[in-house]
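To be precise, the following lines are work_9.txt, and they hold compact mmCIF, C-alpha atoms.
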```
# COMPACT_ATOMS: atom_id res chain seq x y z
CA MET A 112 6.02 -9.77 -5.18
CA HIS A 113 2.60 -8.66 -4.04
CA GLU A 114 1.19 -9.39 -7.51
CA LEU A 115 0.50 -12.98 -6.44
CA THR A 116 -1.44 -11.75 -3.39
CA ILE A 117 -3.44 -9.44 -5.63
CA CYS A 118 -4.08 -12.32 -8.05
CA GLN A 119 -5.40 -14.49 -5.26
CA ALA A 120 -7.75 -11.69 -4.17
CA LEU A 121 -8.83 -11.31 -7.81
CA LEU A 122 -9.55 -15.03 -8.16
CA LYS A 123 -11.64 -14.99 -4.98
CA GLN A 124 -13.81 -12.26 -6.49
CA VAL A 125 -14.06 -14.17 -9.76
CA GLU A 126 -15.12 -17.32 -7.91
CA THR A 127 -17.85 -15.35 -6.13
CA VAL A 128 -19.19 -14.01 -9.45
CA THR A 129 -19.03 -17.48 -11.00
CA ALA A 130 -20.97 -19.03 -8.12
CA GLU A 131 -23.58 -16.22 -8.15
CA GLN A 132 -24.18 -16.71 -11.89
CA ARG A 133 -24.14 -20.53 -11.58
CA ALA A 134 -21.52 -20.63 -14.33
CA CYS A 135 -19.34 -23.65 -14.96
CA GLY A 136 -16.20 -21.78 -15.82
CA VAL A 137 -14.56 -18.50 -16.78
CA GLU A 138 -13.41 -17.59 -20.28
CA ARG A 139 -11.98 -14.16 -19.81
CA ILE A 140 -11.21 -11.76 -16.99
CA THR A 141 -10.75 -8.08 -17.81
CA LEU A 142 -8.88 -5.78 -15.43
CA ARG A 143 -8.40 -2.03 -15.54
CA ILE A 144 -5.00 -0.98 -14.22
CA GLY A 145 -3.52 2.50 -14.00
CA PRO A 146 0.22 3.19 -13.94
CA LEU A 147 -0.04 4.47 -10.34
CA ALA A 148 -1.89 1.40 -9.07
CA GLY A 149 1.32 -0.06 -7.72
CA VAL A 150 1.15 -3.28 -9.71
CA GLN A 151 3.10 -4.31 -12.78
CA PRO A 152 0.69 -5.65 -15.42
CA GLU A 153 3.39 -8.06 -16.73
CA LEU A 154 3.99 -9.50 -13.25
CA LEU A 155 0.26 -9.71 -12.64
CA GLU A 156 -0.14 -11.71 -15.87
CA GLN A 157 2.60 -14.10 -14.82
CA ALA A 158 1.26 -14.46 -11.29
CA PHE A 159 -2.19 -15.13 -12.72
CA LEU A 160 -0.89 -18.15 -14.63
CA THR A 161 0.32 -19.64 -11.35
CA ALA A 162 -2.64 -18.60 -9.22
CA ARG A 163 -5.45 -19.69 -11.56
CA GLY A 164 -4.60 -23.39 -11.28
CA GLY A 165 -7.32 -25.39 -9.52
CA THR A 166 -9.82 -22.50 -9.63
CA CYS A 167 -12.89 -21.94 -11.80
CA ALA A 168 -10.63 -19.69 -13.91
CA ALA A 169 -8.04 -22.42 -14.56
CA THR A 170 -8.29 -21.90 -18.33
CA ALA A 171 -9.35 -18.25 -18.32
CA GLN A 172 -7.60 -15.55 -20.29
CA LEU A 173 -6.52 -12.40 -18.48
CA VAL A 174 -6.93 -9.11 -20.33
CA ILE A 175 -5.48 -5.95 -18.82
CA GLU A 176 -6.80 -2.59 -20.00
CA HIS A 177 -4.50 0.29 -19.21
CA GLU A 178 -5.92 3.42 -17.65
CA ALA A 179 -4.41 6.71 -18.77
CA LEU A 180 -2.73 8.97 -16.23
CA ARG A 181 -4.37 12.42 -16.14
CA VAL A 182 -4.20 15.33 -13.73
CA ARG A 183 -6.09 18.59 -13.17
CA CYS A 184 -4.11 21.62 -12.02
CA ARG A 185 -5.41 23.18 -8.80
CA GLU A 186 -3.84 26.51 -9.80
CA CYS A 187 -4.75 27.04 -13.47
CA GLY A 188 -7.46 24.38 -13.86
CA ALA A 189 -5.92 22.77 -16.96
CA GLU A 190 -6.24 19.03 -17.48
CA SER A 191 -3.22 17.22 -18.88
CA ALA A 192 -1.56 13.86 -19.35
CA ALA A 193 1.16 12.97 -16.84
CA THR A 194 3.73 10.28 -16.09
CA VAL A 195 4.11 8.29 -12.86
CA ASN A 196 6.92 10.40 -11.44
CA ASN A 197 5.94 13.72 -12.97
CA LEU A 198 2.42 14.78 -12.08
CA VAL A 199 3.01 18.51 -12.58
CA CYS A 200 0.67 20.59 -14.73
CA ALA A 201 1.69 20.41 -18.40
CA ARG A 202 0.36 23.95 -18.97
CA CYS A 203 1.64 26.09 -16.09
CA GLY A 204 4.18 23.72 -14.48
CA ASP A 205 2.67 23.91 -10.97
CA TRP A 206 3.01 20.73 -8.91
CA ARG A 207 -0.27 21.21 -7.06
CA THR A 208 -2.40 18.93 -9.20
CA GLN A 209 -5.17 16.48 -8.53
CA LEU A 210 -5.13 12.98 -9.99
CA LEU A 211 -8.08 12.44 -12.35
CA SER A 212 -7.25 8.90 -13.41
CA GLY A 213 -4.36 6.48 -13.38
CA ASP A 214 -4.47 4.72 -10.00
CA ALA A 215 -7.25 2.22 -10.79
CA MET A 216 -6.85 -1.45 -9.99
CA LEU A 217 -10.25 -2.82 -10.93
CA LEU A 218 -11.83 -6.08 -11.87
CA GLN A 219 -13.79 -4.71 -14.79
CA SER A 220 -15.64 -7.74 -16.10
CA VAL A 221 -15.76 -11.52 -16.09
CA GLU A 222 -16.87 -13.55 -19.12
CA LEU A 223 -18.44 -16.77 -17.96
CA MET A 224 -19.01 -20.20 -19.43
CA LEU A 225 -22.62 -21.13 -18.75
CA PRO A 226 -23.90 -24.72 -18.72
CA ASP A 227 -25.40 -25.91 -22.02
CA PRO A 228 -29.18 -25.96 -21.30
CA GLU A 229 -29.71 -28.90 -23.71
CA ALA A 230 -27.01 -31.01 -22.11
CA SER A 231 -28.74 -30.78 -18.75
CA HIS A 232 -31.79 -32.70 -20.13
CA VAL A 233 -29.75 -35.81 -20.95
CA MET B 207 13.03 -16.98 -10.56
CA CYS B 208 10.69 -18.46 -8.01
CA ASP B 209 7.54 -20.51 -7.72
CA ALA B 210 5.74 -17.88 -5.70
CA CYS B 211 4.87 -15.26 -8.28
CA GLY B 212 4.98 -17.02 -11.60
CA CYS B 213 8.14 -15.29 -12.80
CA ASN B 214 9.44 -18.62 -14.04
CA ILE B 215 7.05 -18.30 -16.99
CA THR B 216 8.90 -16.60 -19.81
CA PRO B 217 7.66 -15.02 -23.03
CA GLY B 218 9.02 -18.13 -24.77
CA ASP B 219 6.75 -20.64 -23.05
CA ARG B 220 3.77 -18.38 -22.48
CA HIS B 221 1.96 -19.65 -25.61
CA LEU B 222 1.89 -23.12 -24.05
CA ILE B 223 -0.22 -21.82 -21.20
CA TYR B 224 -2.45 -19.22 -22.80
CA LYS B 225 -5.21 -20.51 -25.04
CA PRO B 226 -7.20 -18.23 -27.31
CA VAL B 227 -10.89 -17.80 -26.58
CA THR B 228 -13.73 -16.18 -28.44
CA PRO B 229 -16.02 -13.73 -26.68
CA SER B 230 -19.05 -15.57 -25.34
CA GLY B 231 -21.25 -12.61 -24.50
CA ASN B 232 -21.70 -13.89 -20.96
CA ALA B 233 -19.86 -10.95 -19.45
CA VAL B 234 -20.55 -9.76 -15.94
CA THR B 235 -19.36 -6.22 -15.21
CA THR B 236 -18.06 -5.84 -11.66
CA LEU B 237 -15.84 -2.74 -11.41
CA GLN B 238 -14.64 -3.92 -8.02
CA ASN B 239 -11.26 -2.93 -6.62
CA LEU B 240 -8.95 -5.94 -6.73
CA LEU B 241 -8.05 -5.41 -3.11
CA ALA B 242 -11.67 -4.90 -2.01
CA GLU B 243 -11.39 -7.58 0.66
CA ASN B 244 -8.23 -6.03 2.13
CA ASP B 245 -9.90 -2.61 1.98
CA ARG B 246 -12.95 -3.90 3.85
CA GLN B 247 -10.72 -5.32 6.55
CA ALA B 248 -8.77 -2.04 6.71
CA LEU B 249 -12.02 -0.09 7.21
CA HIS B 250 -12.89 -2.46 10.03
CA ASN B 251 -9.44 -1.97 11.60
CA ARG B 252 -9.79 1.81 11.37
CA ALA B 253 -13.22 1.72 13.02
CA HIS B 254 -11.79 -0.48 15.77
CA LEU B 255 -8.86 1.92 16.32
CA ASN B 256 -11.22 4.92 16.33
CA ALA B 257 -13.47 3.26 18.89
CA HIS B 258 -10.46 2.98 21.20
CA GLY B 259 -9.19 6.50 20.44
CA VAL B 260 -5.92 5.18 18.98
CA LEU B 261 -3.90 7.07 16.37
CA ALA B 262 -2.31 4.55 13.99
CA VAL B 263 0.79 5.49 11.97
CA ASN B 264 2.09 3.23 9.20
CA LEU B 265 5.86 3.60 8.96
CA MET B 266 7.39 2.63 5.61
CA SER B 267 10.83 2.76 4.02
CA ALA B 268 13.49 0.74 2.27
CA PRO B 269 15.30 -1.82 4.47
CA GLY B 270 17.84 -0.15 6.73
CA ALA B 271 16.51 3.41 6.40
CA GLY B 272 16.14 3.64 10.18
CA LYS B 273 12.51 2.84 11.04
CA THR B 274 13.28 0.93 14.24
CA THR B 275 15.90 3.47 15.33
CA LEU B 276 13.35 6.25 14.74
CA LEU B 277 10.87 4.36 16.92
CA GLU B 278 13.47 3.93 19.67
CA SER B 279 14.24 7.67 19.68
CA THR B 280 10.53 8.53 19.51
CA ILE B 281 9.72 6.26 22.43
CA ALA B 282 12.57 7.74 24.50
CA ALA B 283 11.17 11.23 23.87
CA LEU B 284 7.45 10.55 24.28
CA LYS B 285 7.00 7.62 26.63
CA ASN B 286 6.28 9.79 29.69
CA GLU B 287 3.83 11.91 27.73
CA LEU B 288 1.88 9.51 25.50
CA ARG B 289 1.07 5.79 25.67
CA LEU B 290 2.78 4.08 22.74
CA ALA B 291 2.61 0.61 21.19
CA VAL B 292 4.21 -0.94 18.13
CA ILE B 293 3.36 -3.60 15.58
CA GLU B 294 6.53 -4.83 13.89
CA GLY B 295 6.42 -6.39 10.43
CA ASP B 296 9.36 -8.45 9.23
CA LEU B 297 9.92 -11.43 7.00
CA GLU B 298 11.71 -13.24 9.81
CA THR B 299 12.95 -12.74 13.42
CA GLU B 300 11.60 -10.99 16.51
CA ASN B 301 14.66 -8.70 16.65
CA ASP B 302 12.84 -5.43 16.08
CA ALA B 303 10.06 -6.21 18.58
CA THR B 304 12.74 -7.10 21.13
CA ARG B 305 14.41 -3.71 20.57
CA ILE B 306 11.07 -1.94 21.14
CA ARG B 307 10.19 -3.96 24.25
CA ALA B 308 13.60 -3.05 25.69
CA GLN B 309 12.28 0.55 25.67
CA GLY B 310 9.38 -0.48 27.91
CA VAL B 311 6.72 -0.32 25.19
CA PRO B 312 4.45 -3.22 24.16
CA ALA B 313 5.32 -4.64 20.73
CA VAL B 314 3.69 -7.35 18.65
CA GLN B 315 5.85 -8.98 16.00
CA ILE B 316 4.25 -10.13 12.76
CA THR B 317 6.56 -12.39 10.80
CA THR B 318 5.29 -12.47 7.26
CA GLY B 319 7.42 -15.38 6.02
CA SER B 320 7.84 -14.73 2.32
CA ALA B 321 5.26 -11.90 2.11
CA CYS B 322 6.93 -8.59 1.36
CA HIS B 323 4.28 -6.39 2.99
CA LEU B 324 1.77 -6.28 5.83
CA ASP B 325 -1.91 -6.52 4.96
CA ALA B 326 -5.05 -5.55 6.83
CA HIS B 327 -5.76 -9.11 7.99
CA MET B 328 -2.34 -9.52 9.62
CA VAL B 329 -2.77 -6.18 11.40
CA HIS B 330 -6.27 -7.15 12.51
CA ASP B 331 -4.96 -10.31 14.18
CA ALA B 332 -2.26 -8.28 15.92
CA LEU B 333 -4.78 -5.66 17.11
CA HIS B 334 -6.74 -8.34 18.90
CA THR B 335 -3.74 -9.25 21.04
CA MET B 336 -3.27 -5.64 22.22
CA ALA B 337 -4.81 -3.61 25.05
CA LEU B 338 -5.88 -0.74 22.77
CA ASP B 339 -7.59 1.23 25.54
CA GLU B 340 -4.13 1.81 26.96
CA VAL B 341 -2.66 3.18 23.73
CA ASP B 342 -2.53 6.73 22.31
CA ILE B 343 -0.29 6.06 19.29
CA LEU B 344 0.12 2.72 17.56
CA PHE B 345 3.09 2.60 15.21
CA ILE B 346 2.94 -0.05 12.53
CA GLU B 347 6.46 -0.65 11.25
CA ASN B 348 5.89 -2.14 7.82
CA VAL B 349 8.24 -4.56 6.08
CA GLY B 350 11.28 -2.72 4.70
CA ASN B 351 10.26 -2.36 1.05
CA LEU B 352 9.43 0.66 -1.11
CA VAL B 353 7.07 -1.18 -3.45
CA CYS B 354 4.53 -3.63 -2.06
CA PRO B 355 3.48 -2.02 1.25
CA ALA B 356 2.14 0.99 -0.66
CA SER B 357 -0.69 -1.07 -2.17
CA PHE B 358 -2.19 -2.34 1.09
CA ASP B 359 -4.34 -0.17 3.35
CA LEU B 360 -3.89 -1.43 6.91
CA GLY B 361 -6.47 0.81 8.61
CA GLN B 362 -3.85 3.38 9.62
CA HIS B 363 -4.67 7.08 9.88
CA HIS B 364 -1.37 8.29 8.41
CA ASN B 365 1.51 7.03 6.30
CA VAL B 366 4.97 8.19 7.24
CA THR B 367 7.87 7.36 4.92
CA LEU B 368 11.56 7.50 5.73
CA LEU B 369 14.17 8.24 3.11
CA ALA B 370 17.74 7.87 4.31
CA VAL B 371 20.23 10.23 2.67
CA THR B 372 22.44 7.20 2.00
CA GLU B 373 19.84 5.94 -0.48
CA GLY B 374 19.85 8.54 -3.25
CA ASP B 375 17.78 11.68 -3.78
CA ASP B 376 15.81 10.22 -6.71
CA LYS B 377 13.99 7.58 -4.65
CA PRO B 378 10.64 9.47 -4.84
CA ALA B 379 10.90 9.37 -8.66
CA LYS B 380 11.78 5.67 -8.65
CA TYR B 381 9.05 4.60 -6.20
CA PRO B 382 6.25 7.09 -6.93
CA VAL B 383 3.37 4.99 -5.60
CA MET B 384 4.77 4.90 -2.08
CA PHE B 385 5.99 8.50 -1.94
CA ARG B 386 2.75 9.82 -3.43
CA ALA B 387 0.77 8.10 -0.65
CA THR B 388 2.78 9.47 2.27
CA ASP B 389 1.48 12.11 4.70
CA LEU B 390 4.93 12.98 6.02
CA LEU B 391 8.40 12.40 4.59
CA LEU B 392 11.37 12.14 6.94
CA LEU B 393 14.84 12.58 5.44
CA ASN B 394 16.75 10.42 7.90
CA LYS B 395 20.48 10.07 8.65
CA ILE B 396 20.80 13.77 7.86
CA ASP B 397 23.96 13.81 10.04
CA LEU B 398 25.71 11.85 7.26
CA LEU B 399 24.97 14.49 4.63
CA PRO B 400 28.43 16.18 4.91
CA PHE B 401 30.04 12.85 3.95
CA LEU B 402 27.91 12.26 0.86
CA ASP B 403 28.47 14.18 -2.33
CA ASP B 404 25.62 12.63 -4.28
CA PHE B 405 22.55 13.42 -2.16
CA ASP B 406 20.96 16.83 -2.65
CA PRO B 407 18.01 17.41 -0.23
CA GLU B 408 16.66 20.08 -2.60
CA LYS B 409 16.53 17.53 -5.44
CA ALA B 410 14.80 15.01 -3.16
CA LEU B 411 12.18 17.67 -2.40
CA GLN B 412 11.74 18.44 -6.13
CA HIS B 413 11.23 14.75 -6.96
CA PHE B 414 8.77 14.50 -4.07
CA ARG B 415 6.74 17.58 -5.13
CA ALA B 416 6.66 16.31 -8.72
CA LEU B 417 4.35 13.60 -7.33
CA ALA B 418 1.87 16.39 -6.43
CA ASN B 419 2.26 15.53 -2.76
CA PRO B 420 2.00 18.59 -0.46
CA ALA B 421 3.10 16.60 2.65
CA PRO B 422 5.77 18.16 4.89
CA LEU B 423 9.39 17.00 4.55
CA LEU B 424 11.52 17.04 7.71
CA HIS B 425 15.25 16.54 8.17
CA VAL B 426 16.05 14.18 11.05
CA SER B 427 18.71 11.93 12.44
CA ALA B 428 17.00 9.22 14.44
CA LYS B 429 20.34 7.93 15.70
CA LYS B 430 21.82 11.29 16.77
CA LYS B 431 18.36 12.44 17.92
CA THR B 432 18.59 15.67 15.93
CA GLY B 433 15.71 17.42 14.19
CA LEU B 434 13.21 15.25 16.04
CA ASN B 435 11.12 18.13 17.43
CA GLY B 436 9.25 18.66 14.16
CA TRP B 437 8.38 14.96 14.01
CA LEU B 438 7.34 14.82 17.67
CA ASP B 439 5.17 17.94 17.26
CA TRP B 440 3.59 16.43 14.15
CA LEU B 441 2.69 13.34 16.20
CA ARG B 442 1.29 15.48 19.05
CA ARG B 443 -0.86 17.44 16.57
CA GLN B 444 -2.25 14.23 15.04
CA VAL B 445 -3.06 12.83 18.49
CA SER B 446 -4.96 15.94 19.55
CA ALA B 447 -6.77 16.12 16.19
CA ARG B 448 -7.83 12.48 16.64
CA ARG B 449 -8.99 13.13 20.21
CA GLY B 450 -11.03 16.08 18.94
CA ARG B 451 -12.66 13.84 16.35
CA THR B 452 -13.40 11.11 18.92
CA GLU B 453 -15.02 13.67 21.28
CA HIS B 454 -17.05 15.11 18.42
CA MET B 455 -18.21 11.58 17.53
CA LEU B 456 -19.23 10.93 21.13
CA GLN B 457 -21.07 14.25 21.38
CA THR B 458 -23.02 13.72 18.17
CA ALA B 459 -23.89 10.20 19.35
CA LEU B 460 -25.45 11.57 22.58
```

As structure tokens:
Amino acid sequence: MHELTICQALLKQVETVTAEQRACGVERITLRIGPLAGVQPELLEQAFLTARGGTCAATAQLVIEHEALRVRCRECGAESAATVNNLVCARCGDWRTQLLSGDAMLLQSVELMLPDPEASHV
Amino acid sequence: MCDACGCNITPGDRHLIYKPVTPSGNAVTTLQNLLAENDRQALHNRAHLNAHGVLAVNLMSAPGAGKTTLLESTIAALKNELRLAVIEGDLETENDATRIRAQGVPAVQITTGSACHLDAHMVHDALHTMALDEVDILFIENVGNLVCPASFDLGQHHNVTLLAVTEGDDKPAKYPVMFRATDLLLLNKIDLLPFLDDFDPEKALQHFRALANPAPLLHVSAKKKTGLNGWLDWLRRQVSARRGRTEHMLQTAL
């Protein structure tokens, strides 16, 4: 279950962003995950619920955007959609393809809660 | 069900934990790899290995596919020719490191506890206990697991994956992330092939190529020491390629 390890790394990055922006909390974290990233989005969501406790993202929502799997054929040049265990060219059937997208595992954005400027005058 | 990964949260109780939020507009775009910190450490490890002229090979497979036996046979064949060292990754026990040390080769055991993979930080700590100037090839025997180790760069130069013929020829299709990332695939326990009617090496190769991986596939039996020449020659080629690169680096630095 390396999803928990990945979640902890994610939360570290989120805490850095939160501190840099002097935010008081995190509302939403958006990830971009491809099917060949080696992580299961469902497991990552579950691990996140455990890992977020006690961090600045304790009440944050996790949104996972899925990246499409696409390849370009090195033989015929065609671009096509693919599946995780079948990356062959959909046009000519050659296996010598190059991955265009589908292995991303990115922290795309963090939506922060900023302190209420009026409250700070009290 | 465990407390480690959050799998005790079910779809039924999820609504108790998630709370809806409205977009605030305070979004910071980062586009940073989730494993950026591990990747930074891996880059550092690789630079450290390069500085000492060490070739590092990350050995991965399912449990029991024969990684340690392959290392024993490799050491027996190469120990008078190249200086070898091993980092052993296991959840528990020093058993594998003990087997390697019995061959007269230094071995550092990393016990990961409950972690199902090695990461770049664990390998970094191990590197600092080793005399790297006295090493030509460092083998990193990862935790036996076809899933998690594939996600963590350790700073190795090459990934080598073992697939034992006792496992099933569709393993590359079932674990595409790992098999796609490998630089060499060894079909191990090939001596058992006559006794198995459900493993077709040609099918294993087809599943492997369907991952668009051009890496060589070699048939070996680590235990019977058959078919090892291709593997040993592959290692020799990588060592001399690395030495060439190190010399080039030194020359351009002068």

*Shell of 12 Å around B:Gly361, all atoms listed in the file, local chain residues under 5 positions omitted, as number ranges by chain*: B: 244-256, 260-264, 324-330, 333, 344-346

*Residues of chain A near chain B: apply a cut-off of 6 Å, count all atoms listed in the file, and supply the list as a count of residues only.*
23

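We find atom CA of A:Arg163 and atom CA of A:Ala215 to be spaced 22.0 Å apart.
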
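Separating atom CA of A:Val137 from atom CA of A:Pro226 is a distance of 11.4 Å.
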
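Distances here use all atoms listed in the file; by that measure, the residue among A:Leu180, A:Cys187, A:Ala130, A:Cys200 closest to A:Ser212 is A:Leu180.
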
*Which polymer residues have any atom within 6 Å of an atom of stretch 293-300 of chain B, counting all atoms listed in the file, with same-chain residues fewer than 6 positions away left out, as a VMD selection string?*
chain B and resid 313 to 319 346 to 349

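With atom CA of A:Thr129 on one side and atom CA of A:Glu156 on the other, the separation reads 20.3 Å.
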
*Using only C-alpha atoms, pick whichever of B:Thr452, B:Gln309, B:Ser279, B:Asn394 has the shortest atom-to-atom distance to B:Glu373.*
B:Asn394

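Among the candidate residues B:Arg443, B:Lys409, B:Lys430, B:Lys285, the one lying nearest to B:Asp397 is B:Lys430, with distances computed using all atoms listed in the file.
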
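For B:Asp375, the residues within 6 Å (counting all atoms listed in the file, excluding itself and residues fewer than 2 positions away along the chain) are Lys377, Phe405 and Ala410 of chain B.
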
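Comparing A:Cys135, A:Val150, A:Arg202, A:Glu190 by their smallest distance to A:His177, the closest is A:Val150 (using all atoms listed in the file).
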
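Considering only C-alpha atoms, the residue among B:Asn286, B:Gly374, B:Asp389, B:Met336 positioned nearest to B:Glu408 is B:Gly374.
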